[in-house]
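Scroll down for the structure; my scribbles are underneath it.
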Amino acid sequence: MAKWSLGFIMENTPLKILESWIFRQLPEAGSDWFRGQLDLLAKDDSTKVFYIAFGMIPRKLGKDDLALSADDLAEANAARKGWNPSNWSIDTAARIVILINLSNSQNASFAERFKDLHRTADVGELLALYSGLPLYASPETLVEQTALGLRTNIKAEFEAIAHRNSFPSEQFDENPWNNMVLKSLFIGVMLEPILGLNERANPELARILRDYAHERWAAERFVSPELWRCIGPYAEGVYLDDFQRVVDEGIDTEKKAVALALKTAPASERKEALHAQLSEYDAVIDSGELNWTAIADEMLDNSLAITRKMNFEVELTR
Amino acid sequence: MMFIDSHAHMLSRTTDDYEAMAAAGVVAVIEPAFWLGQPRTHVATYIDYLSSIVGFERFRAGQFGIRHYCTIGLNSKEANNPELAEGVMEILPRFALKEGVVAIGEIGYDDQTELEDKYFRLQIDLALEVELPVMVHTPHRDKKKGTSRSMDVCEEHGIDPSMVVIDHNNEETVREVLDRGYWAAFSIYPSTKMGSARMVELLKEYGPERIIIDSACDWGISEPLGVAKTAMLAAQKGIEEEAIRLVCYQNALDAYGQSGQMKEEDWLNPPAIDQRTVYEGNSILRGQREPVVEKLKSKHTLDNLIIE
C-alpha cells in the first residue's frame, strides 16, 4: 500500500455508512452474496443484472430491521442532514445501496431507470425506491415521478415519501408539498414525521387546511390536532376564530396543539387573549415537555379513540 | 381453525368478502394471475394487472389481517393472442421474483390449442428456471383428457409432480392426479366446478393426502367462503379435524411453501417491517383496536353451508 494512503481519511459518505451497517449485521452467507452482487454490478449495471440483484435481495438477506443505535442515527444525520433510516429494514438498506451506486454511474438516465423500476415494483421495492430519495445523485430529476408516487393508494408507499425523508421539503414546489400535507391528514398519515413542516409552512397551505378543517367540522368529524401546526405562523383573523373554537370545544390534546401553534402566531391582541385562556400549558411548553412530538405521542397512545373520532379505518402509525 | 384459500381472485372481490373471509378464519389467500373476463389487448394492461396483484392487492388484503400471495403467469385463454402472449412472456421473469409470488400459474389448457400448448410448455420451463411450483388450470371442456395431457407435458419437461398443483379437479380426474403423485386441488365453485357436499364425499373416499380445497372465487357468481364452509360441512359429516386442517390449510402451505415465499410465520409472527407497512395482522391478538370484522353483518354468512 502506498505510504500516502495511510494518512488519507475518506469522509464517511451515506453510501459507506450504509454498507458498513449492512455488512456488520449480515451473516456470512448473506454478506458473501451481497458483496458478490456489488462486484458484479460494478462491472455491469445493465438492466438484467440490476433487476435480478434488486429482486433477489430480500430472499438472500431477509427482512429484519436494520439494527441502529442512537450513535448510528447521529452519524447518519451528520453525513447527510435530515437522513433518518430508523425505520429501514436490511433489504430496504441493501436495495438503496445499489440504487445509490446506479444513480452515481448513470447520472441523468437514472431517472428513466427509476421510473421503469417503479412501473413493476412490489411493495418492498417501492419502499426502497422512495426511502432512498435523499441519497441519490441528481434528485431534481426524480421530482415528477415522486409527486406521482404520492397518488398511491398504498399507505406505506405514501409514508416512504412523506415520513423521515428530506426529499419533499428540499425538492417539491409549493403545490405538491401542500398536496402531500393535505393528503396525509386525509388518509390518516401522521404529520410529525414529515421533515421541514415548519420551514415549508405557507399561507396557501394554511388556507387549504382551514377549509379542510371546516369541511370536517361541518360533517361533525374530528380534526387532527396536528393540523394547527401548519396554521400557526399565519394565525390571525379567521384562523384565530378556529383556535377559539378548539379552546371552547376541543379535547385536551387539541387544546395543547393550539397552545403550541399559537406560539408561532404573529403578535396581536387576540393572540394574547387566547394565550391567557391556554396559560395552563405555558410551563410544559417552555420546558420543552410539550412539543409536536408529544402531541403525536398522545395521539398514538390514544390511537383507538383518535382514529374513531377521525373516522379512519386505519391505525395511526409513525 | 385457520384456513388458506389457495385460489382466490381477490382483485374482483369486495371488502365485504375480505371481512367475511377474515371472520371465517382465512389467514392467507393466493391470487393466481388469470383472465379478467374481458380479454386484454395490450401487454401494458397485463403488466399493470400483474403489478396490482404484487402491489395494491397485497396491501388491501393486509388491512383485513389476511396475508396475500400470488402466482404469475400467462393464462391459457390469452395465450391464444400471440402478440399479447409474446409481450407477456418477455416480462414474466421480472415478475416471477417479486415478493410473495408462490408459483407460476394458473397455466395450462383452455381449448387445448397449439398456442396454449406452446406457452404452457414455455412457462413450465420458466418455473424450473426460477425454482417455483406450478399451478395448473385444467380445462372446463374435455376436462379429463386435458388433465391427463397437462400431466404428460409436465413429465415431458421434467418437473417433479410434488412441485405441481393440478387445480379444478372433479370425481373424474382426481384418481389419476393422485396416482401420478400431483397435488389435487378442488375449487368449490357454484354450478360449474365442485360443490361442498360432493367435496365431503370425495374426502371420505380419498382421505386428505395431497388434496387441497380452494374457492377460485372471482368476478363470476362464486363463494369466497368456499373453503370455510366446506370445512364446517365436513366437520358436521364426521370428517376428522386433522383431515380438514390438511385439506383446508396445511397441504396448500406445504405445496406453495416450496416457493420459499410463504411461511406460517408470515401471519403468526410477521417481520416488523411488514407490520409497519403491508400487514396489519391480527388486531384481536395485538389488542390495538377493536376487530373490524366483529361489527360486520356480511351477506356471506356461515349459516348456509351447501354450495350447489
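Order determines the names: the first chain of the C-alpha cells is A, the second B, and so forth; residues in each chain are numbered 1 upward, and ligands are numbered 1 upward as they are shown.
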
Give me the residues of chain B that have any atom at most 9 Å from an atom of chain A; for each, the nearest atom pair and the distance in Å, rounded to one decimal. Use only C-alpha atoms, sort by chain and number, and format it as JSON lines.
```
{"residue": "B:Ile47", "atom": "CA", "partner": "A:Thr120", "partner_atom": "CA", "distance": 7.3}
{"residue": "B:Asp48", "atom": "CA", "partner": "A:Thr120", "partner_atom": "CA", "distance": 7.6}
{"residue": "B:Leu50", "atom": "CA", "partner": "A:Thr120", "partner_atom": "CA", "distance": 8.0}
{"residue": "B:Ser51", "atom": "CA", "partner": "A:Thr120", "partner_atom": "CA", "distance": 5.6}
{"residue": "B:Ser52", "atom": "CA", "partner": "A:Asp122", "partner_atom": "CA", "distance": 8.8}
{"residue": "B:Ile53", "atom": "CA", "partner": "A:Asp122", "partner_atom": "CA", "distance": 8.9}
{"residue": "B:Val54", "atom": "CA", "partner": "A:Asp122", "partner_atom": "CA", "distance": 5.4}
{"residue": "B:Gly55", "atom": "CA", "partner": "A:Asp122", "partner_atom": "CA", "distance": 5.1}
{"residue": "B:Phe56", "atom": "CA", "partner": "A:Ile154", "partner_atom": "CA", "distance": 6.3}
{"residue": "B:Arg58", "atom": "CA", "partner": "A:Val123", "partner_atom": "CA", "distance": 8.3}
{"residue": "B:Phe59", "atom": "CA", "partner": "A:Ile154", "partner_atom": "CA", "distance": 6.5}
{"residue": "B:Arg60", "atom": "CA", "partner": "A:Ile154", "partner_atom": "CA", "distance": 8.1}
{"residue": "B:Gln63", "atom": "CA", "partner": "A:Val314", "partner_atom": "CA", "distance": 8.0}
{"residue": "B:Arg94", "atom": "CA", "partner": "A:Tyr51", "partner_atom": "CA", "distance": 7.4}
{"residue": "B:Phe95", "atom": "CA", "partner": "A:Thr120", "partner_atom": "CA", "distance": 7.5}
{"residue": "B:Leu97", "atom": "CA", "partner": "A:Gly55", "partner_atom": "CA", "distance": 6.0}
{"residue": "B:Lys98", "atom": "CA", "partner": "A:Asp122", "partner_atom": "CA", "distance": 6.3}
{"residue": "B:Glu99", "atom": "CA", "partner": "A:Asp122", "partner_atom": "CA", "distance": 6.7}
{"residue": "B:Gly260", "atom": "CA", "partner": "A:Arg59", "partner_atom": "CA", "distance": 8.3}
{"residue": "B:Gln261", "atom": "CA", "partner": "A:Arg59", "partner_atom": "CA", "distance": 8.3}
{"residue": "B:Pro271", "atom": "CA", "partner": "A:Asp64", "partner_atom": "CA", "distance": 6.7}
{"residue": "B:Ala272", "atom": "CA", "partner": "A:Asp65", "partner_atom": "CA", "distance": 6.9}
{"residue": "B:Ile273", "atom": "CA", "partner": "A:Ser89", "partner_atom": "CA", "distance": 6.4}
{"residue": "B:Asp274", "atom": "CA", "partner": "A:Lys63", "partner_atom": "CA", "distance": 8.7}
{"residue": "B:Arg276", "atom": "CA", "partner": "A:Thr317", "partner_atom": "CA", "distance": 7.5}
{"residue": "B:Thr277", "atom": "CA", "partner": "A:Ala156", "partner_atom": "CA", "distance": 4.9}
{"residue": "B:Val278", "atom": "CA", "partner": "A:Ala156", "partner_atom": "CA", "distance": 6.9}
{"residue": "B:Glu280", "atom": "CA", "partner": "A:Glu315", "partner_atom": "CA", "distance": 8.5}
{"residue": "B:Gln288", "atom": "CA", "partner": "A:Leu304", "partner_atom": "CA", "distance": 7.1}
{"residue": "B:Arg289", "atom": "CA", "partner": "A:Leu304", "partner_atom": "CA", "distance": 5.6}
{"residue": "B:Glu290", "atom": "CA", "partner": "A:Leu304", "partner_atom": "CA", "distance": 8.0}
{"residue": "B:Val292", "atom": "CA", "partner": "A:Glu313", "partner_atom": "CA", "distance": 8.4}
```

Output of the above residues as a compact mmCIF listing (two decimals), in the first residue's frame, restricted to N, CA and C atoms:
```txt
# COMPACT_ATOMS: atom_id res chain seq x y z
N ILE B 47 -49.22 -5.91 -17.75
CA ILE B 47 -48.17 -5.52 -16.78
C ILE B 47 -48.81 -4.84 -15.57
N ASP B 48 -49.71 -3.91 -15.84
CA ASP B 48 -50.34 -3.20 -14.73
C ASP B 48 -51.17 -4.16 -13.87
N LEU B 50 -50.46 -7.36 -13.37
CA LEU B 50 -49.51 -8.11 -12.52
C LEU B 50 -48.98 -7.21 -11.40
N SER B 51 -48.77 -5.93 -11.70
CA SER B 51 -48.34 -5.00 -10.65
C SER B 51 -49.40 -4.90 -9.56
N SER B 52 -50.66 -4.93 -9.95
CA SER B 52 -51.75 -4.84 -8.96
C SER B 52 -51.72 -6.03 -8.00
N ILE B 53 -51.47 -7.23 -8.54
CA ILE B 53 -51.54 -8.39 -7.65
C ILE B 53 -50.27 -8.56 -6.82
N VAL B 54 -49.15 -7.95 -7.22
CA VAL B 54 -47.99 -7.97 -6.32
C VAL B 54 -47.95 -6.71 -5.44
N GLY B 55 -48.80 -5.73 -5.75
CA GLY B 55 -48.73 -4.45 -5.04
C GLY B 55 -49.98 -4.16 -4.23
N PHE B 56 -50.88 -3.40 -4.84
CA PHE B 56 -52.01 -2.88 -4.09
C PHE B 56 -52.87 -3.97 -3.45
N ARG B 58 -52.06 -6.82 -2.32
CA ARG B 58 -51.36 -7.35 -1.14
C ARG B 58 -51.60 -6.44 0.07
N PHE B 59 -51.52 -5.15 -0.21
CA PHE B 59 -51.76 -4.15 0.83
C PHE B 59 -53.23 -4.17 1.27
N ARG B 60 -54.12 -4.29 0.28
CA ARG B 60 -55.56 -4.28 0.58
C ARG B 60 -55.93 -5.46 1.49
N GLN B 63 -54.96 -5.09 5.17
CA GLN B 63 -55.81 -4.25 6.01
C GLN B 63 -56.85 -5.08 6.77
N ARG B 94 -39.46 -11.05 -14.85
CA ARG B 94 -39.29 -9.92 -13.95
C ARG B 94 -40.29 -10.00 -12.79
N PHE B 95 -41.48 -10.49 -13.07
CA PHE B 95 -42.49 -10.58 -12.01
C PHE B 95 -42.34 -11.85 -11.17
N LEU B 97 -39.98 -13.09 -9.67
CA LEU B 97 -39.14 -12.95 -8.48
C LEU B 97 -39.68 -11.96 -7.46
N LYS B 98 -40.86 -11.42 -7.70
CA LYS B 98 -41.40 -10.44 -6.74
C LYS B 98 -41.76 -11.15 -5.44
N GLU B 99 -41.80 -10.32 -4.39
CA GLU B 99 -42.12 -10.86 -3.08
C GLU B 99 -43.54 -11.45 -3.07
N GLY B 260 -40.59 -20.92 -1.04
CA GLY B 260 -39.80 -20.14 -0.08
C GLY B 260 -40.41 -18.78 0.21
N GLN B 261 -41.58 -18.52 -0.39
CA GLN B 261 -42.20 -17.20 -0.27
C GLN B 261 -43.42 -17.19 0.65
N PRO B 271 -42.61 -10.20 10.15
CA PRO B 271 -41.48 -9.28 10.36
C PRO B 271 -41.99 -7.87 10.69
N ALA B 272 -41.20 -7.16 11.49
CA ALA B 272 -41.61 -5.82 11.92
C ALA B 272 -41.91 -4.91 10.73
N ILE B 273 -41.09 -4.99 9.71
CA ILE B 273 -41.28 -4.10 8.55
C ILE B 273 -42.64 -4.34 7.91
N ASP B 274 -43.06 -5.61 7.86
CA ASP B 274 -44.37 -5.90 7.27
C ASP B 274 -45.50 -5.34 8.13
N ARG B 276 -45.40 -2.76 9.87
CA ARG B 276 -45.46 -1.31 9.71
C ARG B 276 -46.03 -0.91 8.35
N THR B 277 -45.99 -1.85 7.40
CA THR B 277 -46.28 -1.42 6.04
C THR B 277 -47.45 -2.13 5.38
N VAL B 278 -47.34 -3.44 5.19
CA VAL B 278 -48.35 -4.12 4.36
C VAL B 278 -49.30 -5.04 5.09
N GLU B 280 -51.55 -5.50 8.61
CA GLU B 280 -51.99 -5.03 9.92
C GLU B 280 -52.12 -6.16 10.92
N GLN B 288 -54.79 -3.65 19.67
CA GLN B 288 -54.65 -2.22 19.44
C GLN B 288 -55.97 -1.54 19.11
N ARG B 289 -56.81 -2.24 18.46
CA ARG B 289 -58.12 -1.65 18.19
C ARG B 289 -59.12 -2.79 18.05
N GLU B 290 -60.36 -2.43 18.10
CA GLU B 290 -61.37 -3.48 18.00
C GLU B 290 -61.35 -4.08 16.61
N VAL B 292 -62.27 -5.11 13.12
CA VAL B 292 -63.26 -4.58 12.19
C VAL B 292 -64.33 -5.63 11.90
```

Item to check | Test item, alpha helix (DSSP H) assignment across region 32-248 of chain B, answer as a PyMOL selection string | outcome: chain B and resi 43-54+56-62+82-96+114-130+143-156+174-179+196-206+226-236+241-245

Item to check | Within 9 Å of region 294-298 of chain A using only C-alpha atoms, minus same-chain residues under 6 positions, as a PyMOL selection string | outcome: chain A and resi 190-192+225-226+253-254+256-257+318

For those residues, write N, CA and C atoms to a file as an mmCIF file, in the first residue's frame.
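What landed in selection36.cif:
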```cif
data_model
loop_
_atom_site.group_PDB
_atom_site.id
_atom_site.type_symbol
_atom_site.label_atom_id
_atom_site.label_comp_id
_atom_site.auth_asym_id
_atom_site.auth_seq_id
_atom_site.Cartn_x
_atom_site.Cartn_y
_atom_site.Cartn_z
ATOM 1 N N MET A 190 -49.608 10.476 9.905
ATOM 2 C CA MET A 190 -49.196 11.481 10.885
ATOM 3 C C MET A 190 -48.326 12.565 10.237
ATOM 4 N N LEU A 191 -48.473 13.810 10.706
ATOM 5 C CA LEU A 191 -47.652 14.904 10.176
ATOM 6 C C LEU A 191 -46.281 14.985 10.856
ATOM 7 N N GLU A 192 -46.211 14.596 12.115
ATOM 8 C CA GLU A 192 -44.991 14.816 12.888
ATOM 9 C C GLU A 192 -43.731 14.253 12.225
ATOM 10 N N PRO A 225 -55.288 17.190 15.623
ATOM 11 C CA PRO A 225 -54.620 18.281 16.343
ATOM 12 C C PRO A 225 -53.355 18.771 15.629
ATOM 13 N N GLU A 226 -52.765 17.906 14.818
ATOM 14 C CA GLU A 226 -51.514 18.283 14.141
ATOM 15 C C GLU A 226 -51.716 19.375 13.097
ATOM 16 N N THR A 253 -55.893 17.149 24.015
ATOM 17 C CA THR A 253 -54.802 17.098 23.022
ATOM 18 C C THR A 253 -54.958 18.231 21.997
ATOM 19 N N GLU A 254 -56.184 18.504 21.614
ATOM 20 C CA GLU A 254 -56.413 19.591 20.649
ATOM 21 C C GLU A 254 -56.020 20.946 21.245
ATOM 22 N N LYS A 256 -53.859 21.517 23.592
ATOM 23 C CA LYS A 256 -52.396 21.575 23.666
ATOM 24 C C LYS A 256 -51.805 21.944 22.303
ATOM 25 N N ALA A 257 -52.375 21.368 21.266
ATOM 26 C CA ALA A 257 -51.874 21.641 19.915
ATOM 27 C C ALA A 257 -52.079 23.112 19.554
ATOM 28 N N ARG A 318 -46.325 5.615 12.930
ATOM 29 C CA ARG A 318 -45.333 6.656 12.677
ATOM 30 C C ARG A 318 -44.013 6.000 12.356
#
```

Quick one: everything within 6 Å of Ala216 (chain B), counting only C-alpha atoms, minus sequence neighbours fewer than 5 positions away in the same chain. Send it as a PDB file with C-alpha atoms, in the first residue's frame.
```
ATOM      1  CA  HIS B   7     -57.043 -19.928  -5.285  1.00  0.00           C
ATOM      2  CA  ALA B   8     -58.921 -16.637  -4.920  1.00  0.00           C
ATOM      3  CA  SER B 187     -62.407 -25.397  -6.446  1.00  0.00           C
TER       4      SER B 187
END
```

Item to check | Shell around Arg207 (chain A) at 10 Å using only C-alpha atoms, local window under 6 positions removed, as a VMD selection string | outcome: chain A and resid 213 230 to 231 234 239

Okay, now the selection with C-alpha atoms, as a PDB file, in the first residue's frame?
```
ATOM      1  CA  ALA A 213     -60.952  21.616   8.973  1.00  0.00           C
ATOM      2  CA  CYS A 230     -49.184  24.470   9.786  1.00  0.00           C
ATOM      3  CA  ILE A 231     -51.601  27.291  10.502  1.00  0.00           C
ATOM      4  CA  TYR A 234     -50.454  32.700   9.788  1.00  0.00           C
ATOM      5  CA  TYR A 239     -57.701  31.475  11.928  1.00  0.00           C
TER       6      TYR A 239
END
```

Would you give me, as a tab-separated table, each residue of region 65-162 of chain B having an atom within 12 Å of an atom of region 11-18 of chain B, along with its shortest atom pair and that distance in Å to one decimal, using only C-alpha atoms and sorting by chain and residue number?
```
residue	atom	partner	partner_atom	distance
B:Gly65	CA	B:Tyr18	CA	9.0
B:Ile66	CA	B:Tyr18	CA	7.8
B:Arg67	CA	B:Tyr18	CA	10.8
B:His68	CA	B:Tyr18	CA	11.0
B:Cys70	CA	B:Leu11	CA	11.0
```

Checklist entry - If we count only C-alpha atoms, what is near Ala147 (chain A) at a cut-off of 12 Å, once residues fewer than 5 positions away on the same chain are taken out, given as a VMD selection string? => result chain A and resid 130 140 to 142 152 157 to 158 161 to 162 167 to 168 171 to 180

Keeping C-alpha atoms, export the residues of the selection given above as a PDB file, in the first residue's frame.
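Final output, saved to selection31.pdb:
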```pdb
ATOM      1  CA  TYR A 130     -38.621   6.242  -2.189  1.00  0.00           C
ATOM      2  CA  GLU A 140     -34.047  17.038  -9.026  1.00  0.00           C
ATOM      3  CA  THR A 141     -34.679  14.630 -11.927  1.00  0.00           C
ATOM      4  CA  LEU A 142     -36.910  12.479  -9.702  1.00  0.00           C
ATOM      5  CA  THR A 152     -50.685   5.920  -4.439  1.00  0.00           C
ATOM      6  CA  GLU A 157     -45.677   3.845  -0.167  1.00  0.00           C
ATOM      7  CA  PHE A 158     -47.017   7.298   0.668  1.00  0.00           C
ATOM      8  CA  ILE A 161     -42.029   9.555   0.600  1.00  0.00           C
ATOM      9  CA  ALA A 162     -43.579  11.689   3.325  1.00  0.00           C
ATOM     10  CA  PHE A 167     -36.651  14.915  -0.306  1.00  0.00           C
ATOM     11  CA  PRO A 168     -40.114  16.532  -0.297  1.00  0.00           C
ATOM     12  CA  GLN A 171     -37.335  19.321  -3.854  1.00  0.00           C
ATOM     13  CA  PHE A 172     -41.077  19.896  -4.023  1.00  0.00           C
ATOM     14  CA  ASP A 173     -42.638  23.123  -5.217  1.00  0.00           C
ATOM     15  CA  GLU A 174     -45.399  24.529  -3.099  1.00  0.00           C
ATOM     16  CA  ASN A 175     -48.179  22.682  -4.911  1.00  0.00           C
ATOM     17  CA  PRO A 176     -47.004  19.081  -4.422  1.00  0.00           C
ATOM     18  CA  TRP A 177     -45.795  19.963  -0.938  1.00  0.00           C
ATOM     19  CA  ASN A 178     -49.198  21.289   0.074  1.00  0.00           C
ATOM     20  CA  ASN A 179     -50.933  18.327  -1.530  1.00  0.00           C
ATOM     21  CA  MET A 180     -48.716  15.953   0.401  1.00  0.00           C
TER      22      MET A 180
END
```

Checklist entry - Between B:Gln250, B:Ile91, B:Met2, B:Ser76, which one has atoms that come closest to Ala44 (chain B), using only C-alpha atoms? => result B:Ile91

Item to check | Atomic distance CA of Ile4 (chain B) - CA of Ala252 (chain B), expressed in Å with one decimal | outcome: 7.0 Å

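Each of B:Ser196, B:Gln123, B:Thr147, B:Asn304 was compared to Asn75 (chain B) using only C-alpha atoms, and B:Gln123 turns out to be the nearest.
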
Checklist entry - So which residues of region 39-222 of chain B fall under strand (DSSP E) by DSSP, listed as number ranges by chain? => result B: 67-72, 101-108, 134-137, 164-167, 183-187, 211-214

Checklist entry - Can you tell me how far CA of Val130 (chain B) sits from CA of Val88 (chain B), in Å to one decimal? => result 16.5 Å

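Using only C-alpha atoms, the protein and nucleic acid residues lying no more than 9 Å from Val247 (chain A), apart from those fewer than 6 places from it along its own chain, are Glu254, Lys255, Val258, Ala259, Leu274, Gln277 and Leu278 of chain A.
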
Can you write out the residues you just picked, keeping C-alpha atoms, as a compact mmCIF listing (two decimals), in the first residue's frame?
```
# COMPACT_ATOMS: atom_id res chain seq x y z
CA GLU A 254 -56.41 19.59 20.65
CA LYS A 255 -56.04 22.42 23.14
CA VAL A 258 -53.49 25.05 19.60
CA ALA A 259 -51.40 26.33 22.52
CA LEU A 274 -56.27 33.27 23.54
CA GLN A 277 -57.04 31.02 28.13
CA LEU A 278 -54.32 28.45 27.48
```
